[in-house]
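The structure appears right after this line, and notes come after that.
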Amino acid sequence: MRAVVLSETGGPEHLQMTDLPRPRPGEGQVLVRAHAVGVSYAETQIRAGTLPFPLALPEVIGAEAVGEVVEVGPGVDGKLLGTTLVGVTGGVGAYAEYVVLPAAMACPVPDGVSPVEAVAVAAPGSIALALLHRARLDGTETVLVEAGTSAVGGYLVQHAKEFGAGRVIATAGSSAKRERAVTLGADIAIDHSTAGWPAELPDVDVVFESIAGTTARQVLDRLTPGSGRMLYYGLLSGEPPAITAADLMERGVTLTGCSGPAWAAAAFGTHYPEMLARLASGRSQAFIDRTLPLEEATQAHRLLESRAATGRILLIP
C-alpha cells in the first residue's frame, strides 16, 4: 500500500511517500480502506520534533481516518465489514491507503454525511464537546477560547453558549480569522499575535487554553479568583504553559490537563456519536479548507504551518 512515512524529525520534506505492507488489525481493531485522512497542526509539531510524542522512526504518522472496513480483528463484530467508519488511530498510522483503528474509538458515518465531512468534524468536534462538558458552565460565565477559528476552537466558539457560556471571547491571529470567530458566535475577538495580548482581556471565568507558553501565565491573571478554571488541551506555541502550582494556589483557580490516553478514550468513545449526530442534523458544520492527494502531505503541512488555512486540510489516498 502507499503510505507517507516520517523518516526523521524536521521539515515537511522528511515526509516521504513509500510502499509498505498492508497492516493487519489486532485485538479490538478494524482495518479500513481510507477514503480521507485528517491532518492536524499538532502533527506538524510532531513531525518537526517540537511536540513531545513517542515515535519509533521511520513511522507513518497521522491519527484521523475514515474508510470502509475491510478486515476485523479478534473480538470485533464481523457485521462491521463493509461499513464506513470514522475514527482515530491512537496516534500514528493514518497517512496511508489502509489504516488500523481501535473499534472503541470509531463510529459509523451517519446517513447524509459524506466521509470527508465526517473526518473533518469527528475528532476536533468531539474534543470540543468533551471540553465543554468538562467546563460545567453555569449560564452566566465569560469564557475565553484561544485560537477561536482553529480545528477545535471553531467548535468551542460555535457551541459554547449552548453549553452555558454567558459571553464568549475568542482570539485569532488575523483580521479575517477574527471576523470569522465573531460569525461563529464570539461576542468579541482579539489579536493573539501581538506581545502582551492578555492585557486586553476582561475578567474571565473559564479559559480553553491551546496556545500555552508564557502567555498562559498572563491569562491566568485574568481568571476569576476562587472559581476560575483553565482547561489546557494544546500548545500551539510549542511550549508548555508557564504556570506553577504556587500560581494556582495564590489565586484559588484550577488548571485541568485535557489530554492523554484516558482523556482520548473518553472524548472519542463518548462524544464521537454526539458530534456526528449534530453534523447529520445540521446543528454543526464541517469546516474544510481543501482536500489534497495523499502524496501532497508535505504541502498540507506547509499550509498548516503558514496559518493560512481557514478549515481542515484533508488527504485523499
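Labels for the C-alpha cells follow display order: chains A, B, ..., residues from 1 in each chain, ligands from 1.
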
Practice problem: Fewer than 5 positions away in the same chain doesn't count, so skip those; otherwise give me all residues within 7 Å of segment 116-124 of chain A, counting only C-alpha atoms, as a ChimeraX atom specification. | Solution: /A:36-38,64-66,86,109,151-152,272,275-276,286-288,312

Please build the interface table for segment 33-102 of chain A against segment 289-307 of chain A with a cut-off of 8 Å, listing for each qualifying residue the nearest atom pair and the distance in Å to one decimal; count only C-alpha atoms, order rows by chain and increasing number, and write it as CSV.
residue,atom,partner,partner_atom,distance
A:Val39,CA,A:Ala300,CA,7.3
A:Ser40,CA,A:Leu304,CA,7.7
A:Tyr41,CA,A:Leu304,CA,6.0
A:Thr44,CA,A:His301,CA,5.9
A:Tyr95,CA,A:Leu294,CA,7.2
A:Ala96,CA,A:Leu294,CA,7.5

Practice problem: Would you list, as a PyMOL selection string, the residues of segment 9-202 of chain A that end up in strand (DSSP E or B) under DSSP run on this structure's backbone? | Solution: chain A and resi 15-19+29-39+59-61+64-72+84-88+92+96+98-102+106-108+141-145+165-172+188-191

Generate the output file for the selected residues, C-alpha atoms, as a PDB file, in the first residue's frame.
ATOM      1  CA  LEU A  15       7.524  13.180   4.846  1.00  0.00           C
ATOM      2  CA  GLN A  16       8.113  10.647   2.082  1.00  0.00           C
ATOM      3  CA  MET A  17       5.708   8.551   0.031  1.00  0.00           C
ATOM      4  CA  THR A  18       6.630   4.872   0.032  1.00  0.00           C
ATOM      5  CA  ASP A  19       5.164   1.382  -0.333  1.00  0.00           C
ATOM      6  CA  GLN A  29      -9.250  -3.291  15.937  1.00  0.00           C
ATOM      7  CA  VAL A  30     -10.569  -2.829  12.403  1.00  0.00           C
ATOM      8  CA  LEU A  31      -8.760  -2.201   9.134  1.00  0.00           C
ATOM      9  CA  VAL A  32     -10.288   0.404   6.834  1.00  0.00           C
ATOM     10  CA  ARG A  33      -9.584   1.284   3.224  1.00  0.00           C
ATOM     11  CA  ALA A  34      -9.180   5.014   3.773  1.00  0.00           C
ATOM     12  CA  HIS A  35     -11.441   7.455   1.926  1.00  0.00           C
ATOM     13  CA  ALA A  36      -9.916  10.514   3.619  1.00  0.00           C
ATOM     14  CA  VAL A  37      -7.348  11.322   6.285  1.00  0.00           C
ATOM     15  CA  GLY A  38      -7.299  14.316   8.614  1.00  0.00           C
ATOM     16  CA  VAL A  39      -4.191  16.471   9.031  1.00  0.00           C
ATOM     17  CA  GLU A  59       6.883   5.909  11.158  1.00  0.00           C
ATOM     18  CA  VAL A  60       3.605   6.540   9.346  1.00  0.00           C
ATOM     19  CA  ILE A  61       2.165   9.481  11.264  1.00  0.00           C
ATOM     20  CA  GLU A  64      -7.617  10.512  11.939  1.00  0.00           C
ATOM     21  CA  ALA A  65      -9.154   8.479   9.132  1.00  0.00           C
ATOM     22  CA  VAL A  66     -12.454   7.468   7.599  1.00  0.00           C
ATOM     23  CA  GLY A  67     -12.964   4.467   5.373  1.00  0.00           C
ATOM     24  CA  GLU A  68     -14.635   1.174   4.560  1.00  0.00           C
ATOM     25  CA  VAL A  69     -13.969  -1.705   6.943  1.00  0.00           C
ATOM     26  CA  VAL A  70     -12.198  -4.476   5.003  1.00  0.00           C
ATOM     27  CA  GLU A  71     -10.998  -6.637   7.905  1.00  0.00           C
ATOM     28  CA  VAL A  72     -11.781  -7.007  11.596  1.00  0.00           C
ATOM     29  CA  THR A  84     -17.888   3.148   6.719  1.00  0.00           C
ATOM     30  CA  LEU A  85     -16.283   4.165   9.999  1.00  0.00           C
ATOM     31  CA  VAL A  86     -14.554   7.332  11.118  1.00  0.00           C
ATOM     32  CA  GLY A  87     -12.088   7.114  13.949  1.00  0.00           C
ATOM     33  CA  VAL A  88      -8.702   7.804  15.462  1.00  0.00           C
ATOM     34  CA  VAL A  92       0.049   7.104  14.282  1.00  0.00           C
ATOM     35  CA  ALA A  96      -1.899   5.635   4.310  1.00  0.00           C
ATOM     36  CA  TYR A  98      -5.146   1.289   4.717  1.00  0.00           C
ATOM     37  CA  VAL A  99      -5.486   2.320   8.356  1.00  0.00           C
ATOM     38  CA  VAL A 100      -5.945   0.328  11.560  1.00  0.00           C
ATOM     39  CA  LEU A 101      -8.446   1.861  14.011  1.00  0.00           C
ATOM     40  CA  PRO A 102      -9.436   0.736  17.517  1.00  0.00           C
ATOM     41  CA  ALA A 106     -14.506   4.621  15.759  1.00  0.00           C
ATOM     42  CA  CYS A 107     -18.081   5.365  14.797  1.00  0.00           C
ATOM     43  CA  PRO A 108     -20.302   4.673  11.769  1.00  0.00           C
ATOM     44  CA  GLU A 141     -19.833  32.885  32.819  1.00  0.00           C
ATOM     45  CA  THR A 142     -17.409  34.555  30.439  1.00  0.00           C
ATOM     46  CA  VAL A 143     -15.240  32.099  28.533  1.00  0.00           C
ATOM     47  CA  LEU A 144     -12.067  32.627  26.545  1.00  0.00           C
ATOM     48  CA  VAL A 145     -11.413  30.432  23.515  1.00  0.00           C
ATOM     49  CA  ALA A 165     -21.480  30.399  28.330  1.00  0.00           C
ATOM     50  CA  GLY A 166     -22.841  33.860  29.018  1.00  0.00           C
ATOM     51  CA  ARG A 167     -20.186  35.628  26.944  1.00  0.00           C
ATOM     52  CA  VAL A 168     -17.612  34.262  24.512  1.00  0.00           C
ATOM     53  CA  ILE A 169     -14.253  35.907  23.820  1.00  0.00           C
ATOM     54  CA  ALA A 170     -12.123  34.416  21.042  1.00  0.00           C
ATOM     55  CA  THR A 171      -8.584  35.072  19.911  1.00  0.00           C
ATOM     56  CA  ALA A 172      -7.171  34.830  16.390  1.00  0.00           C
ATOM     57  CA  ILE A 188     -15.617  39.816  20.669  1.00  0.00           C
ATOM     58  CA  ALA A 189     -12.361  38.638  19.100  1.00  0.00           C
ATOM     59  CA  ILE A 190      -8.883  39.897  19.947  1.00  0.00           C
ATOM     60  CA  ASP A 191      -5.496  39.569  18.281  1.00  0.00           C
TER      61      ASP A 191
END

Quiz item: Within 7 Å of Ala63 of chain A, counting only C-alpha atoms, which residues qualify if same-chain residues fewer than 5 places away don't, as JSON, numbers by chain?
Solution: {"A": [88, 89, 90, 91, 92, 93, 94]}

Convert the current residue selection to file output with N, CA, C and O atoms, as a compact mmCIF listing (two decimals), in the first residue's frame.
# COMPACT_ATOMS: atom_id res chain seq x y z
N VAL A 88 -10.08 7.40 15.21
CA VAL A 88 -8.70 7.80 15.46
C VAL A 88 -7.87 6.57 15.71
O VAL A 88 -8.35 5.56 16.22
N THR A 89 -6.60 6.66 15.35
CA THR A 89 -5.71 5.51 15.42
C THR A 89 -5.13 5.29 16.81
O THR A 89 -4.64 4.20 17.11
N GLY A 90 -5.13 6.33 17.63
CA GLY A 90 -4.41 6.28 18.88
C GLY A 90 -3.08 7.00 18.78
O GLY A 90 -2.34 7.08 19.77
N GLY A 91 -2.77 7.55 17.60
CA GLY A 91 -1.57 8.37 17.50
C GLY A 91 -0.88 8.36 16.16
O GLY A 91 -0.47 9.40 15.65
N VAL A 92 -0.71 7.19 15.54
CA VAL A 92 0.05 7.10 14.28
C VAL A 92 -0.66 6.17 13.31
O VAL A 92 -1.60 5.46 13.66
N GLY A 93 -0.19 6.19 12.03
CA GLY A 93 -0.63 5.21 11.06
C GLY A 93 -1.68 5.65 10.08
O GLY A 93 -2.09 4.87 9.21
N ALA A 94 -2.13 6.92 10.14
CA ALA A 94 -3.28 7.31 9.32
C ALA A 94 -2.91 7.80 7.92
O ALA A 94 -3.76 7.76 7.03

Practice problem: Write down as an MDAnalysis selection string the residues of segment 61-260 of chain A whose backbone DSSP state falls under alpha helix (DSSP H). | Solution: chainID A and resid 115:135 153:159 175:184 214:220 245:251

Quiz item: For Asp187 of chain A, which residue out of A:His14, A:Ser227, A:Ala246, A:Lys161 is the nearest one, using only C-alpha atoms?
Solution: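 Going through A:His14, A:Ser227, A:Ala246, A:Lys161 one by one, the smallest distance to Asp187 of chain A is for A:Lys161.
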
Exercise. Do a neighbour search on Cys258 of chain A at 7 Å with only C-alpha atoms, toss out local chain neighbours closer than 2 positions, and write the hits as a list in words.
Key: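 Once the nearby chain positions are removed, what remains is Leu231, Tyr232, Tyr233, Thr256 and Trp263 of chain A.
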
Write out the residues from the selection above, keeping N, CA, C and O atoms, as a tab-separated table (two decimals), in the first residue's frame.
chain	number	residue	atom	x	y	z
A	231	LEU	N	-8.75	25.06	31.17
A	231	LEU	CA	-8.72	23.73	30.59
A	231	LEU	C	-7.66	23.71	29.50
A	231	LEU	O	-7.82	24.34	28.45
A	232	TYR	N	-6.59	23.02	29.76
A	232	TYR	CA	-5.39	23.04	28.92
A	232	TYR	C	-5.40	21.82	27.99
A	232	TYR	O	-5.34	20.69	28.44
A	233	TYR	N	-5.49	22.09	26.67
A	233	TYR	CA	-5.59	20.97	25.74
A	233	TYR	C	-4.65	21.07	24.54
A	233	TYR	O	-4.64	20.18	23.68
A	256	THR	N	-6.72	22.19	34.50
A	256	THR	CA	-7.03	20.79	34.20
A	256	THR	C	-6.37	20.40	32.88
A	256	THR	O	-6.60	21.05	31.85
A	263	TRP	N	-8.08	10.54	28.58
A	263	TRP	CA	-8.90	11.64	28.05
A	263	TRP	C	-9.40	11.30	26.65
A	263	TRP	O	-10.57	11.48	26.33

Quiz prompt | Polymer residues at most 12 Å from Ala195 of chain A, only C-alpha atoms, same-chain spacing of 6 or more positions, as a PyMOL selection string | solution = chain A and resi 173+214-215+218

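Note that the spacing between atom CA of Ala135 of chain A and atom CA of Ala264 of chain A amounts to 16.3 Å.
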
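With only C-alpha atoms taken into account, the protein and nucleic acid residues at most 9 Å from segment 49-53 of chain A (excluding it and anything under 3 positions from it in its own chain) are Glu8, Thr9, Gly10, Ala42, Glu43, Thr44, Gln45, Ile46, Gly91, Leu235, Gly238 and Glu239 of chain A.
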
Limited to N, CA and C atoms, could you put the picked residues into a file as a short mmCIF file (atom, residue, chain, number, x, y, z; two decimals), in the first residue's frame?
data_model
loop_
_atom_site.label_atom_id
_atom_site.label_comp_id
_atom_site.auth_asym_id
_atom_site.auth_seq_id
_atom_site.Cartn_x
_atom_site.Cartn_y
_atom_site.Cartn_z
N GLU A 8 12.70 11.15 9.67
CA GLU A 8 13.35 11.81 10.78
C GLU A 8 12.63 13.11 11.04
N THR A 9 12.71 13.60 12.26
CA THR A 9 12.02 14.84 12.58
C THR A 9 12.73 16.01 11.90
N GLY A 10 11.93 17.01 11.57
CA GLY A 10 12.46 18.18 10.87
C GLY A 10 11.40 18.79 9.99
N ALA A 42 -1.11 19.77 15.24
CA ALA A 42 -0.27 19.02 16.17
C ALA A 42 0.65 18.06 15.43
N GLU A 43 0.19 17.52 14.31
CA GLU A 43 1.03 16.61 13.54
C GLU A 43 2.20 17.32 12.89
N THR A 44 2.05 18.60 12.57
CA THR A 44 3.21 19.34 12.07
C THR A 44 4.24 19.53 13.18
N GLN A 45 3.76 19.67 14.43
CA GLN A 45 4.68 19.80 15.56
C GLN A 45 5.37 18.46 15.87
N ILE A 46 4.62 17.36 15.74
CA ILE A 46 5.21 16.04 15.92
C ILE A 46 6.29 15.81 14.87
N GLY A 91 -2.77 7.55 17.60
CA GLY A 91 -1.57 8.37 17.50
C GLY A 91 -0.88 8.36 16.16
N LEU A 235 -0.78 23.15 22.77
CA LEU A 235 0.34 24.07 22.93
C LEU A 235 0.80 24.54 21.55
N GLY A 238 4.22 25.72 21.06
CA GLY A 238 5.31 24.76 21.13
C GLY A 238 5.93 24.65 22.51
N GLU A 239 5.39 25.36 23.49
CA GLU A 239 5.92 25.35 24.85
C GLU A 239 4.79 25.08 25.84
#

Self-check item: Counting only C-alpha atoms, the residue of A:Ala104, A:Thr310, A:Gly269, A:Gly213 that sits nearest Ser174 of chain A
Solution: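 Closest candidate: A:Thr310.
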
Exercise. Find, counting only C-alpha atoms, the residue in A:Met230, A:Val253, A:Ala48, A:Ala242 that gets nearest to Ala212 of chain A.
Key: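 Closest to Ala212 of chain A, using only C-alpha atoms: A:Ala242.
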
Practice problem: Give me, please, the distance in Å between atom CA of Ala128 of chain A and atom CA of Val206 of chain A, quoted to one decimal. | Solution: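 We find that atom CA of Ala128 of chain A and atom CA of Val206 of chain A lie 13.9 Å from each other.
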